[in-house]
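Visitor: What follows is protein_33.cif; its format and atoms are mmCIF, C-alpha atoms and all ligand atoms.
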data_work
#
loop_
_atom_site.label_atom_id
_atom_site.label_comp_id
_atom_site.auth_asym_id
_atom_site.auth_seq_id
_atom_site.Cartn_x
_atom_site.Cartn_y
_atom_site.Cartn_z
CA MET A 1 0.00 0.00 0.00
CA LYS A 2 1.54 3.20 -1.10
CA LEU A 3 0.95 6.59 0.40
CA ASP A 4 0.32 8.80 -2.59
CA THR A 5 -0.19 12.36 -1.46
CA LYS A 6 -0.48 13.89 -4.94
CA ALA A 7 -4.21 14.48 -4.74
CA MET A 8 -4.03 16.20 -1.34
CA ARG A 9 -3.49 19.74 -2.47
CA HIS A 10 -6.35 19.55 -4.94
CA LEU A 11 -8.95 18.76 -2.33
CA ALA A 12 -11.19 21.68 -1.45
CA ALA A 13 -12.36 22.43 2.08
CA GLU A 14 -15.77 20.90 1.22
CA ASP A 15 -14.10 17.68 0.07
CA TRP A 16 -12.34 17.37 3.42
CA ARG A 17 -15.64 17.84 5.23
CA VAL A 18 -17.29 15.17 3.15
CA LEU A 19 -14.36 12.81 3.72
CA ALA A 20 -14.59 13.44 7.46
CA ALA A 21 -18.36 12.82 7.25
CA VAL A 22 -17.79 9.41 5.65
CA GLU A 23 -15.37 8.61 8.46
CA GLN A 24 -17.87 9.69 11.08
CA GLY A 25 -20.67 7.75 9.40
CA THR A 26 -18.55 4.62 9.47
CA LYS A 27 -19.06 4.45 13.23
CA ASN A 28 -22.70 3.48 12.78
CA HIS A 29 -22.88 2.25 9.21
CA ASP A 30 -20.97 -0.43 7.47
CA LEU A 31 -21.70 1.41 4.26
CA VAL A 32 -22.42 5.09 4.67
CA PRO A 33 -25.50 6.12 2.65
CA THR A 34 -25.40 9.38 0.71
CA ALA A 35 -28.14 10.87 2.89
CA VAL A 36 -26.04 10.29 6.00
CA ILE A 37 -23.01 11.87 4.35
CA GLU A 38 -25.13 14.90 3.48
CA LYS A 39 -26.39 15.22 7.02
CA LEU A 40 -22.99 14.81 8.67
CA SER A 41 -21.06 17.10 6.34
CA ARG A 42 -23.54 19.98 6.68
CA LEU A 43 -22.31 21.68 3.55
CA ARG A 44 -23.84 25.00 2.66
CA GLY A 45 -24.13 24.01 -0.97
CA GLY A 46 -26.47 21.16 -0.06
CA PRO A 47 -26.83 17.83 -1.87
CA SER A 48 -25.30 19.01 -5.15
CA SER A 49 -22.18 20.23 -3.39
CA VAL A 50 -21.95 16.96 -1.47
CA SER A 51 -22.32 14.87 -4.58
CA LYS A 52 -19.60 16.89 -6.29
CA SER A 53 -17.27 16.17 -3.42
CA ILE A 54 -18.26 12.52 -3.33
CA SER A 55 -17.27 12.08 -6.96
CA ALA A 56 -13.98 13.92 -6.40
CA LEU A 57 -13.19 11.65 -3.45
CA ALA A 58 -14.25 8.49 -5.26
CA LYS A 59 -12.17 9.43 -8.27
CA THR A 60 -9.03 9.62 -6.15
CA SER A 61 -10.05 6.38 -4.37
CA LEU A 62 -10.31 8.01 -0.95
CA ILE A 63 -13.76 6.55 -0.64
CA GLY A 64 -15.18 3.58 -2.47
CA LYS A 65 -18.71 3.10 -3.66
CA VAL A 66 -20.31 -0.19 -2.75
CA LYS A 67 -23.59 -1.35 -4.23
CA GLU A 68 -25.76 -3.48 -2.06
CA ALA A 69 -29.22 -4.91 -2.38
CA LYS A 70 -30.91 -2.30 -0.21
CA TYR A 71 -28.91 0.82 -0.89
CA ASP A 72 -25.66 2.14 -2.29
CA GLY A 73 -23.16 3.49 0.14
CA TYR A 74 -19.60 4.59 0.60
CA ARG A 75 -16.73 3.23 2.52
CA LEU A 76 -13.54 4.93 3.58
CA THR A 77 -10.46 3.38 1.96
CA TYR A 78 -6.96 3.10 3.45
CA GLY A 79 -6.09 6.09 1.25
CA GLY A 80 -8.98 8.08 2.69
CA ILE A 81 -8.04 7.49 6.29
CA ASP A 82 -4.35 8.14 5.49
CA TYR A 83 -5.36 11.52 4.09
CA LEU A 84 -7.47 12.39 7.11
CA ALA A 85 -4.56 11.62 9.43
CA LEU A 86 -2.11 13.65 7.35
CA HIS A 87 -4.57 16.50 7.14
CA ALA A 88 -4.86 16.52 10.92
CA TYR A 89 -1.07 16.61 11.27
CA ALA A 90 -0.79 19.42 8.73
CA GLN A 91 -3.32 21.46 10.68
CA GLN A 92 -1.44 20.86 13.94
CA ASN A 93 1.80 21.90 12.20
CA VAL A 94 3.27 18.50 12.99
CA VAL A 95 3.83 17.55 9.37
CA TYR A 96 4.45 19.83 6.43
CA SER A 97 5.99 17.51 3.88
CA VAL A 98 6.04 13.82 3.21
CA GLY A 99 9.29 12.25 2.12
CA THR A 100 10.28 8.77 1.18
CA ARG A 101 9.22 5.53 2.66
CA VAL A 102 12.02 4.06 4.72
CA GLY A 103 10.47 0.83 5.75
CA VAL A 104 7.62 -1.39 4.99
CA GLY A 105 6.61 -4.32 7.06
CA LYS A 106 3.53 -6.41 6.82
CA GLU A 107 2.03 -4.38 9.63
CA SER A 108 3.10 -0.86 8.84
CA ASP A 109 4.57 1.71 6.51
CA ILE A 110 7.36 3.88 7.87
CA ILE A 111 7.67 7.22 6.13
CA MET A 112 10.00 10.16 6.62
CA VAL A 113 8.14 13.42 7.09
CA ALA A 114 9.23 16.93 7.98
CA ASP A 115 7.67 19.95 9.62
CA HIS A 116 7.89 23.59 8.44
CA ALA A 117 11.32 23.98 9.98
CA GLY A 118 12.59 20.96 8.09
CA THR A 119 12.89 18.79 11.19
CA GLN A 120 12.71 15.18 10.16
CA LYS A 121 10.22 12.92 11.86
CA VAL A 122 8.93 9.45 11.31
CA LEU A 123 5.34 8.68 10.36
CA LYS A 124 4.27 5.16 11.15
CA ILE A 125 1.08 4.02 9.45
CA HIS A 126 -0.37 0.88 10.95
CA ARG A 127 -1.75 -1.57 8.44
CA LEU A 128 -3.17 -4.30 10.56
CA GLY A 129 -5.35 -6.68 8.67
CA ARG A 130 -3.52 -5.95 5.45
CA ILE A 131 -2.83 -9.60 5.09
CA SER A 132 -5.99 -11.59 5.42
CA PHE A 133 -6.65 -13.46 8.60
CA ARG A 134 -6.28 -17.04 7.67
CA THR A 135 -3.60 -18.62 9.80
CA VAL A 136 -4.76 -19.21 13.32
CA LYS A 137 -8.31 -20.46 13.38
CA ALA A 138 -9.05 -19.43 16.96
CA ASN A 139 -7.99 -15.83 16.30
CA ARG A 140 -9.78 -15.68 13.00
CA ASP A 141 -13.00 -16.95 14.53
CA TYR A 142 -12.64 -14.58 17.43
CA LEU A 143 -12.14 -11.59 15.14
CA ARG A 144 -15.00 -12.59 12.92
CA LYS A 145 -17.29 -12.80 15.91
CA SER A 146 -16.02 -9.50 17.18
CA ARG A 147 -16.63 -7.92 13.79
CA GLY A 148 -20.16 -9.21 13.86
CA GLN A 149 -20.74 -7.15 17.00
CA GLY A 150 -19.82 -3.86 15.39
CA GLN A 151 -16.55 -2.98 13.74
CA GLY A 152 -14.51 -5.14 16.09
CA GLY A 153 -12.54 -7.00 13.48
CA SER A 154 -12.21 -4.33 10.80
CA TRP A 155 -8.79 -3.24 9.62
CA MET A 156 -9.54 0.36 10.38
CA TYR A 157 -10.49 -0.29 13.97
CA LEU A 158 -7.61 -2.71 14.57
CA SER A 159 -5.01 -0.42 12.97
CA LYS A 160 -6.31 2.48 15.04
CA LEU A 161 -6.02 0.42 18.21
CA ALA A 162 -2.46 -0.53 17.30
CA ALA A 163 -1.51 3.14 16.83
CA MET A 164 -3.21 4.20 20.05
CA LYS A 165 -1.56 1.45 22.05
CA GLU A 166 1.85 2.10 20.54
CA TYR A 167 1.60 5.81 21.24
CA ALA A 168 0.44 5.26 24.81
CA PHE A 169 3.36 2.91 25.54
CA MET A 170 5.91 5.11 23.84
CA LYS A 171 4.77 8.01 26.00
CA ALA A 172 4.73 6.03 29.21
CA LEU A 173 8.15 4.48 28.53
CA ARG A 174 9.63 7.80 27.59
CA GLU A 175 8.31 9.36 30.80
CA GLU A 176 10.05 6.62 32.77
CA GLY A 177 13.33 7.47 31.05
CA PHE A 178 13.48 4.51 28.65
CA ASP A 179 15.40 5.09 25.43
CA VAL A 180 12.53 5.06 22.93
CA PRO A 181 11.73 7.57 20.17
CA GLU A 182 9.96 10.68 21.38
CA PRO A 183 6.26 10.34 20.53
CA ILE A 184 5.01 13.51 18.85
CA ALA A 185 1.42 13.01 17.76
CA GLN A 186 -1.18 10.37 17.05
CA SER A 187 -4.07 10.41 14.64
CA ARG A 188 -6.29 7.51 13.67
CA HIS A 189 -4.13 4.55 12.58
CA THR A 190 -0.89 6.55 12.56
CA ILE A 191 1.68 8.05 14.87
CA VAL A 192 4.41 10.62 14.37
CA MET A 193 7.60 10.19 16.35
CA ALA A 194 11.09 11.63 16.41
CA PHE A 195 13.53 10.23 13.89
CA VAL A 196 16.30 8.22 15.52
CA ASP A 197 19.52 8.48 13.56
CA SER A 198 20.58 4.88 13.87
CA PHE A 199 20.76 1.44 12.33
CA PRO A 200 18.57 -1.49 13.22
CA LEU A 201 20.66 -4.06 15.08
CA ARG A 202 19.84 -6.32 12.16
CA GLN A 203 22.24 -4.27 10.00
CA VAL A 204 25.06 -4.19 12.50
CA SER A 205 27.71 -6.73 11.57
CA GLU A 206 30.21 -5.95 14.28
CA VAL A 207 30.26 -4.31 17.69
CA GLY A 208 33.26 -3.47 19.82
CA ASP A 209 31.82 -5.03 22.93
CA PRO A 210 29.13 -7.66 22.27
CA ALA A 211 29.05 -8.64 25.94
CA GLY A 212 28.32 -5.06 26.93
CA LEU A 213 25.54 -4.65 24.38
CA TYR A 214 24.07 -8.02 25.33
CA ALA A 215 24.04 -6.99 28.97
CA ASP A 216 22.34 -3.70 28.06
CA LEU A 217 19.62 -5.54 26.13
CA ILE A 218 18.97 -8.13 28.83
CA GLY A 219 18.98 -5.25 31.29
CA LEU A 220 16.34 -3.58 29.18
CA ILE A 221 14.13 -6.68 29.23
CA LEU A 222 14.45 -6.82 33.01
CA ARG A 223 13.79 -3.12 33.45
CA LEU A 224 10.61 -3.44 31.37
CA ALA A 225 9.58 -6.39 33.54
CA LYS A 226 10.07 -4.32 36.66
CA HIS A 227 7.54 -1.87 35.22
CA GLY A 228 5.17 -4.77 34.53
CA LEU A 229 5.86 -5.11 30.81
CA ILE A 230 7.10 -7.51 28.18
CA HIS A 231 7.95 -6.09 24.77
CA GLY A 232 6.76 -9.18 22.93
CA ASP A 233 8.74 -8.68 19.72
CA PHE A 234 12.20 -7.95 21.07
CA ASN A 235 14.22 -8.73 17.98
CA GLU A 236 17.04 -7.23 15.89
CA PHE A 237 14.58 -5.25 13.76
CA ASN A 238 13.03 -3.50 16.73
CA ILE A 239 16.27 -2.48 18.39
CA LEU A 240 17.91 0.53 16.83
CA ILE A 241 21.57 1.13 17.49
CA ARG A 242 22.58 4.72 17.96
CA GLU A 243 26.26 5.53 17.86
CA GLU A 244 27.64 8.44 19.79
CA ARG A 245 31.16 9.42 18.93
CA SER A 246 33.22 11.50 21.27
CA THR A 247 36.89 12.33 21.47
CA THR A 248 38.82 12.21 24.67
CA LYS A 249 42.40 13.13 25.30
CA ASN A 250 44.64 10.30 26.42
CA GLU A 251 46.50 11.76 29.39
CA THR A 252 49.56 9.55 28.99
CA THR A 253 50.17 9.80 25.27
CA GLY A 254 48.55 13.19 24.80
CA THR A 255 46.70 12.05 21.70
CA GLU A 256 43.02 12.49 20.92
CA GLU A 257 41.16 9.22 20.97
CA GLU A 258 37.77 8.58 19.53
CA THR A 259 35.37 6.51 21.54
CA ILE A 260 32.14 5.17 20.13
CA LYS A 261 29.33 4.53 22.52
CA VAL A 262 26.48 2.38 21.24
CA THR A 263 23.05 2.80 22.75
CA PRO A 264 20.09 0.59 21.95
CA VAL A 265 16.81 2.39 21.26
CA LEU A 266 13.71 0.26 21.50
CA ILE A 267 10.82 0.65 19.03
CA ASP A 268 7.59 -1.06 17.95
CA PHE A 269 5.13 -1.41 20.82
CA PRO A 270 1.64 -2.48 19.70
CA GLN A 271 2.13 -6.05 20.88
CA MET A 272 3.44 -5.23 24.36
CA VAL A 273 1.91 -7.35 27.10
CA SER A 274 1.63 -7.20 30.83
CA MET A 275 3.73 -9.39 33.12
CA GLU A 276 0.32 -10.54 34.40
CA HIS A 277 -0.73 -11.88 30.99
CA ALA A 278 -1.78 -15.53 30.90
CA ASN A 279 1.08 -16.31 28.49
CA ALA A 280 3.56 -13.87 30.02
CA GLU A 281 6.21 -16.50 30.61
CA MET A 282 6.14 -17.63 26.99
CA TYR A 283 6.45 -14.02 25.75
CA PHE A 284 9.22 -13.24 28.21
CA ASP A 285 11.23 -16.33 27.29
CA ARG A 286 10.73 -15.68 23.61
CA ASP A 287 12.13 -12.15 23.93
CA VAL A 288 15.14 -13.40 25.90
CA ASN A 289 15.82 -16.27 23.52
CA CYS A 290 15.54 -14.04 20.50
CA ILE A 291 18.44 -11.94 21.76
CA LYS A 292 20.47 -14.94 22.82
CA ARG A 293 20.05 -16.55 19.42
CA PHE A 294 20.89 -13.37 17.55
CA PHE A 295 24.05 -12.71 19.57
CA ASP A 296 25.20 -16.26 19.06
CA ARG A 297 24.57 -16.22 15.32
CA ARG A 298 25.78 -12.73 14.55
CA PHE A 299 28.55 -12.06 17.07
CA HIS A 300 29.30 -15.62 18.19
CA PHE A 301 28.65 -14.45 21.68
CA VAL A 302 27.10 -16.77 24.23
CA SER A 303 26.63 -15.48 27.74
CA THR A 304 28.06 -17.59 30.52
CA GLN A 305 25.13 -16.56 32.68
CA PRO A 306 21.96 -18.59 32.31
CA GLY A 307 18.55 -16.88 32.19
CA PRO A 308 17.19 -14.44 32.99
CA TYR A 309 14.12 -16.36 34.07
CA PHE A 310 10.54 -15.21 34.18
CA LYS A 311 9.94 -16.32 37.75
CA ASP A 312 12.78 -14.10 38.98
CA ALA A 313 11.69 -11.18 36.86
CA LYS A 314 8.13 -11.56 38.14
CA LYS A 315 9.31 -10.96 41.70
CA THR A 316 10.68 -7.55 40.72
CA VAL A 317 7.44 -6.18 39.25
CA GLY A 318 6.66 -2.85 40.89
CA LYS A 319 9.67 -3.10 43.20
CA ASP A 320 11.68 -0.07 44.32
CA GLY A 321 8.71 2.12 43.44
CA ALA A 322 8.75 1.16 39.75
CA ARG A 323 5.58 2.54 38.16
CA ARG A 324 3.32 -0.16 36.74
CA LEU A 325 3.13 0.84 33.08
CA ASP A 326 0.90 -2.08 32.12
CA ALA A 327 -1.74 -0.76 34.51
CA ALA A 328 -1.14 2.85 33.48
CA VAL A 329 -1.80 2.13 29.82
CA GLU A 330 -4.82 -0.02 30.53
CA ALA A 331 -6.18 2.78 32.65
CA SER A 332 -5.71 5.27 29.81
CA GLY A 333 -8.87 4.18 28.03
CA PHE A 334 -8.21 0.72 26.71
CA THR A 335 -11.03 -1.64 27.45
CA LYS A 336 -10.36 -5.32 27.95
CA LYS A 337 -12.17 -5.99 24.68
CA MET A 338 -9.96 -3.56 22.77
CA LEU A 339 -6.82 -5.24 24.09
CA LYS A 340 -8.23 -8.66 23.28
CA ASP A 341 -9.20 -7.65 19.73
CA LEU A 342 -5.77 -6.21 19.11
CA GLU A 343 -4.03 -9.18 20.61
CA ALA A 344 -5.90 -11.61 18.36
CA ALA A 345 -5.08 -9.53 15.30
CA ILE A 346 -1.40 -9.24 16.22
CA ALA A 347 -1.14 -12.95 16.95
CA GLU A 348 -2.55 -13.53 13.47
CA GLN A 349 -0.06 -11.10 12.00
CA LEU A 350 2.86 -12.76 13.76
CA ALA A 351 1.72 -16.17 12.62
CA GLY A 352 1.44 -14.80 9.10
CA ARG A 353 5.14 -13.96 9.14
CA GLY A 354 5.92 -17.63 9.15
CA GLU A 355 7.84 -18.75 12.16
CA GLU A 356 6.27 -17.18 15.18
CA GLY A 357 8.08 -14.16 16.49
CA GLU A 358 10.35 -14.00 13.49
CA ALA A 359 10.33 -10.73 11.62
CA PRO A 360 9.84 -10.59 7.85
CA GLY A 361 12.85 -11.06 5.59
CA THR A 362 14.89 -13.67 7.37
CA ASP A 363 17.55 -13.89 4.67
CA GLU A 364 20.84 -12.14 5.21
CA GLU A 365 20.26 -9.54 2.51
CA GLU A 366 18.35 -6.48 3.60
CA ASP A 367 14.94 -6.75 2.11
CA GLU A 368 13.98 -3.11 1.89
CA ASP A 369 11.09 -3.37 -0.46
CA ASP A 370 9.04 -6.45 0.04
CA ASP A 371 5.74 -4.83 -0.60
CA ASP A 372 3.93 -6.72 -3.27
CA ASP A 373 1.23 -4.19 -3.98
CA ASP A 374 3.69 -1.43 -4.63
CA GLU A 375 3.90 -0.34 -8.22
CA GLY A 376 7.29 1.08 -9.09
CA ASP A 377 9.53 2.77 -6.62
CA GLU A 378 9.25 6.39 -7.55
CA GLU A 379 9.61 8.97 -4.84
CA ASN A 380 6.50 10.61 -3.63
CA ASP A 381 7.72 13.71 -1.92
CA SER A 382 4.97 16.18 -1.64
CA ASP A 383 3.58 18.85 0.53
CA VAL A 384 0.50 18.08 2.50
CA SER A 385 -0.48 21.51 3.72
CA ASP A 386 -3.42 23.32 2.21
CA GLU A 387 -1.23 26.16 1.00
CA GLU A 388 -1.03 26.34 -2.72
CA ASP A 389 2.41 27.93 -2.91
CA GLU A 390 5.42 26.12 -4.24
CA PRO A 391 7.65 24.41 -1.70
CA SER A 392 10.40 26.71 -0.50
CA ARG A 393 14.11 26.16 -0.89
CA GLU A 394 14.30 24.97 2.70
CA GLN A 395 11.59 22.55 1.86
CA ASP A 396 13.57 21.13 -1.03
CA LYS A 397 16.51 20.81 1.27
CA ALA A 398 14.46 18.95 3.84
CA VAL A 399 13.22 16.55 1.24
CA GLN A 400 16.77 16.06 0.01
CA GLN A 401 17.82 15.19 3.52
CA ASP A 402 14.93 12.81 3.76
CA ARG A 403 16.22 11.04 0.73
CA GLN A 404 19.73 10.86 2.04
CA GLY A 405 18.53 9.83 5.44
CA SER A 406 16.71 6.91 3.98
CA LYS A 407 19.60 5.56 1.98
P1 LIG B 501 6.76 -2.66 12.20
O1 LIG B 501 5.67 -2.64 13.20
O2 LIG B 501 6.25 -2.72 10.81
O3 LIG B 501 7.80 -3.70 12.49
P2 LIG B 501 8.63 -0.69 13.27
O4 LIG B 501 8.09 0.33 14.22
O5 LIG B 501 9.36 -1.82 13.86
O6 LIG B 501 7.44 -1.21 12.33
O7 LIG B 501 9.56 0.06 12.22
C1 LIG B 501 10.08 -0.61 11.09
C2 LIG B 501 11.46 -0.08 10.74
O8 LIG B 501 11.42 1.33 10.50
C3 LIG B 501 12.46 -0.25 11.87
O9 LIG B 501 13.11 -1.49 11.82
C4 LIG B 501 13.42 0.90 11.65
O10 LIG B 501 14.39 0.55 10.68
C5 LIG B 501 12.54 1.99 11.05
N1 LIG B 501 12.09 2.94 12.08
C6 LIG B 501 10.94 2.89 12.78
N2 LIG B 501 10.83 3.91 13.64
C7 LIG B 501 11.94 4.65 13.50
C8 LIG B 501 12.42 5.87 14.11
N3 LIG B 501 11.73 6.54 15.04
N4 LIG B 501 13.62 6.36 13.70
C9 LIG B 501 14.33 5.72 12.77
N5 LIG B 501 13.93 4.57 12.15
C10 LIG B 501 12.75 4.04 12.51
MG MG B 502 9.20 -3.85 13.90
#
Here is the file; what I need is its structure written in the form of structure tokens.
Ligand code: ADP
Ligand code: MG

Guide:
Amino acid sequence: MKLDTKAMRHLAAEDWRVLAAVEQGTKNHDLVPTAVIEKLSRLRGGPSSVSKSISALAKTSLIGKVKEAKYDGYRLTYGGIDYLALHAYAQQNVVYSVGTRVGVGKESDIIMVADHAGTQKVLKIHRLGRISFRTVKANRDYLRKSRGQGQGGSWMYLSKLAAMKEYAFMKALREEGFDVPEPIAQSRHTIVMAFVDSFPLRQVSEVGDPAGLYADLIGLILRLAKHGLIHGDFNEFNILIREERSTTKNETTGTEEETIKVTPVLIDFPQMVSMEHANAEMYFDRDVNCIKRFFDRRFHFVSTQPGPYFKDAKKTVGKDGARRLDAAVEASGFTKKMLKDLEAAIAEQLAGRGEEGEAPGTDEEEDEDDDDDDEGDEENDSDVSDEEDEPSREQDKAVQQDRQGSK
């Protein structure tokens, strides 16, 4: 799924209102009838103005017309909800321009964006339900039942939940001083976060001190546990390695020496689970083993220390005044049903990757573009604000940097 922002600047204010009306109507209608769109958009121009906007939106595939026995109606597409999110960010001055896509997983698109000042940020668009639910029967049946009771199993609802949960955890973790990207904004199925100038651990072929990095990562798992959390997908794709170079003067020789400090930055939180979860031990062990296996394979490092073990980690939950982040996030508006819906969808998604817990692209080559529904690879830099003026020089520069940053 490609984010094509070309049509954004051609949408009139009325078109945006009609698009928002279709979104609003989706809450109560599977297919939003024209009459409902008219009522919700409250356009001054009345039905003719609404129908003009409807055709403009349908032409750019932001909404799709569906004919059914009883009535015709409209449905918001991925493109439509992408546009609404970007529009919201543009209005909050969070995003001014959209750069290149830096990553695509089965569950998300990762896109470089910039604000007016040219500050680079990362837009993560959740695409849960992009691959059809067909792997784990129990989850599929659960989601189907949930969908029957409203929009429980729909991609839009599930992707939105994933974004909300990820944003909530990123904020809570950041507040506790964890090294995670700074969360900037959230809208619908997307989040905007600070860009971390780094490499995924996956791309790191050598480190000066594997034992030190291993200890940091195990320490991170244990620190999360203390706050009541398990990451649940703690692998080399979700650990970014930031290098900080500094020069110090060697007092004996008098020469300047460069030291490189590597810091792991943790990302990707929609699947996080509580230490109280029924399968907590399995998730905890899987995270630990993932790191052990990776360090063995990549750096030929095997720790002499066994564990860590879940039962020990469990005893530390909430100790020394550690804030329970699992409880904090659940208290922030997630119902049990929401968490259950999301969990079923994510379990499906993980199973769809093949081996459970394994990230896509398990070959040694970096598989940067494994998106099958992506036609061509052309850049789609564009400006998403309503202003009709040409992008400024600074803007061009920002987009340039985006391109370089993504190489
Ligand atoms: P997914 O849920 O699809 O796995 P992730 O959040 O793990 O998405 O992001 C996928 C990839 O995008 C990461 O492996 C990383 O290379 C890149 N990425 C994500 N967030 C950032 C960020 N804030 N800064 C820099 N790179 C990022
Ligand atoms: Mg990931």

Visitor: Box in all listed atoms of range 166-174 of chain A, axis-aligned, with 8 Å more on each side; write out centre and edge lengths in Å to one decimal as lines of an AutoDock Vina configuration file.

Guide:
center_x = 5.0
center_y = 5.1
center_z = 24.9
size_x = 25.2
size_y = 21.9
size_z = 24.7

Visitor: Would you tabulate, counting all atoms listed in the file, all residues of chain A that have an atom at most 8 Å from an atom of ligand LIG 501 (chain B), showing the closest pair of atoms and their distance in Å to one decimal, sorted by chain then ascending number, as a Markdown table?

Guide:
| residue | atom | partner | partner_atom | distance |
| --- | --- | --- | --- | --- |
| A:Val102 | CA | B:LIG501 | O8 | 6.4 |
| A:Gly103 | CA | B:LIG501 | O8 | 4.9 |
| A:Val104 | CA | B:LIG501 | O2 | 6.1 |
| A:Gly105 | CA | B:LIG501 | O2 | 4.1 |
| A:Lys106 | CA | B:LIG501 | O2 | 6.1 |
| A:Glu107 | CA | B:LIG501 | O2 | 4.7 |
| A:Ser108 | CA | B:LIG501 | O2 | 4.2 |
| A:Asp109 | CA | B:LIG501 | O2 | 6.4 |
| A:Ile110 | CA | B:LIG501 | O8 | 5.5 |
| A:Lys121 | CA | B:LIG501 | N3 | 7.3 |
| A:Val122 | CA | B:LIG501 | N3 | 5.5 |
| A:Leu123 | CA | B:LIG501 | N2 | 8.0 |
| A:Lys124 | CA | B:LIG501 | O4 | 6.9 |
| A:His126 | CA | B:LIG501 | O1 | 7.3 |
| A:Pro181 | CA | B:LIG501 | N3 | 5.2 |
| A:Glu182 | CA | B:LIG501 | N3 | 7.8 |
| A:Met193 | CA | B:LIG501 | N3 | 5.7 |
| A:Ala194 | CA | B:LIG501 | N3 | 5.3 |
| A:Phe195 | CA | B:LIG501 | N4 | 3.9 |
| A:Val196 | CA | B:LIG501 | N4 | 3.7 |
| A:Asp197 | CA | B:LIG501 | C9 | 5.9 |
| A:Ser198 | CA | B:LIG501 | C9 | 6.4 |
| A:Phe199 | CA | B:LIG501 | O10 | 6.6 |
| A:Pro200 | CA | B:LIG501 | O10 | 5.3 |
| A:Phe237 | CA | B:LIG501 | O9 | 4.5 |
| A:Asn238 | CA | B:LIG501 | O5 | 5.0 |
| A:Ile239 | CA | B:LIG501 | O9 | 7.4 |
| A:Leu240 | CA | B:LIG501 | C4 | 6.9 |
| A:Ile267 | CA | B:LIG501 | O4 | 5.5 |
| A:Asp268 | CA | B:LIG501 | O4 | 4.0 |
| A:Phe269 | CA | B:LIG501 | O4 | 7.4 |
| A:Pro270 | CA | B:LIG501 | O1 | 7.6 |
| A:Ala359 | CA | B:LIG501 | O3 | 7.5 |

Visitor: Emit the selected residues as a PDB file, keeping the file's coordinate frame, including C-alpha atoms.

Guide:
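Listed below is the output, result_24.pdb:
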ATOM      1  CA  VAL A 102      12.020   4.060   4.720  1.00  0.00           C
ATOM      2  CA  GLY A 103      10.470   0.830   5.750  1.00  0.00           C
ATOM      3  CA  VAL A 104       7.620  -1.390   4.990  1.00  0.00           C
ATOM      4  CA  GLY A 105       6.610  -4.320   7.060  1.00  0.00           C
ATOM      5  CA  LYS A 106       3.530  -6.410   6.820  1.00  0.00           C
ATOM      6  CA  GLU A 107       2.030  -4.380   9.630  1.00  0.00           C
ATOM      7  CA  SER A 108       3.100  -0.860   8.840  1.00  0.00           C
ATOM      8  CA  ASP A 109       4.570   1.710   6.510  1.00  0.00           C
ATOM      9  CA  ILE A 110       7.360   3.880   7.870  1.00  0.00           C
ATOM     10  CA  LYS A 121      10.220  12.920  11.860  1.00  0.00           C
ATOM     11  CA  VAL A 122       8.930   9.450  11.310  1.00  0.00           C
ATOM     12  CA  LEU A 123       5.340   8.680  10.360  1.00  0.00           C
ATOM     13  CA  LYS A 124       4.270   5.160  11.150  1.00  0.00           C
ATOM     14  CA  HIS A 126      -0.370   0.880  10.950  1.00  0.00           C
ATOM     15  CA  PRO A 181      11.730   7.570  20.170  1.00  0.00           C
ATOM     16  CA  GLU A 182       9.960  10.680  21.380  1.00  0.00           C
ATOM     17  CA  MET A 193       7.600  10.190  16.350  1.00  0.00           C
ATOM     18  CA  ALA A 194      11.090  11.630  16.410  1.00  0.00           C
ATOM     19  CA  PHE A 195      13.530  10.230  13.890  1.00  0.00           C
ATOM     20  CA  VAL A 196      16.300   8.220  15.520  1.00  0.00           C
ATOM     21  CA  ASP A 197      19.520   8.480  13.560  1.00  0.00           C
ATOM     22  CA  SER A 198      20.580   4.880  13.870  1.00  0.00           C
ATOM     23  CA  PHE A 199      20.760   1.440  12.330  1.00  0.00           C
ATOM     24  CA  PRO A 200      18.570  -1.490  13.220  1.00  0.00           C
ATOM     25  CA  PHE A 237      14.580  -5.250  13.760  1.00  0.00           C
ATOM     26  CA  ASN A 238      13.030  -3.500  16.730  1.00  0.00           C
ATOM     27  CA  ILE A 239      16.270  -2.480  18.390  1.00  0.00           C
ATOM     28  CA  LEU A 240      17.910   0.530  16.830  1.00  0.00           C
ATOM     29  CA  ILE A 267      10.820   0.650  19.030  1.00  0.00           C
ATOM     30  CA  ASP A 268       7.590  -1.060  17.950  1.00  0.00           C
ATOM     31  CA  PHE A 269       5.130  -1.410  20.820  1.00  0.00           C
ATOM     32  CA  PRO A 270       1.640  -2.480  19.700  1.00  0.00           C
ATOM     33  CA  ALA A 359      10.330 -10.730  11.620  1.00  0.00           C
TER      34      ALA A 359
END

Visitor: What does the structure give for the distance between CA of Arg174 in chain A and CA of Lys226 in chain A, in Å to one decimal?

Guide: 15.1 Å

Visitor: Separation of CA of Leu350 in chain A and CA of Gln271 in chain A, in Å?

Guide: 9.8 Å

Visitor: Could you tell me which of A:Gly208, A:Gly254, A:Gly352, A:Gly228 comes closest to Ala313 in chain A if we count all atoms listed in the file?

Guide: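 The answer is A:Gly228, which sits nearest to Ala313 in chain A.
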
Visitor: Choose the residue, out of A:Arg42, A:Arg353, A:Arg297, A:Arg286, that has the smallest atom-to-atom separation from Glu206 in chain A; count all atoms listed in the file.

Guide: A:Arg297

Visitor: Could you tell me how far CA of Phe178 in chain A lies from CA of His227 in chain A, in Å and to one decimal?

Guide: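 If I compute the distance from CA of Phe178 in chain A to CA of His227 in chain A, I get 10.9 Å.
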
Visitor: Residues within 9 Å of range 161-172 of chain A, please, as a ChimeraX atom specification. Count all atoms listed in the file; anything in the same chain fewer than 2 positions from it doesn't count.

Guide: /A:124-128,156-159,174-178,180-193,267-272,325-326,328-329,332,334,338-339,341-342,346
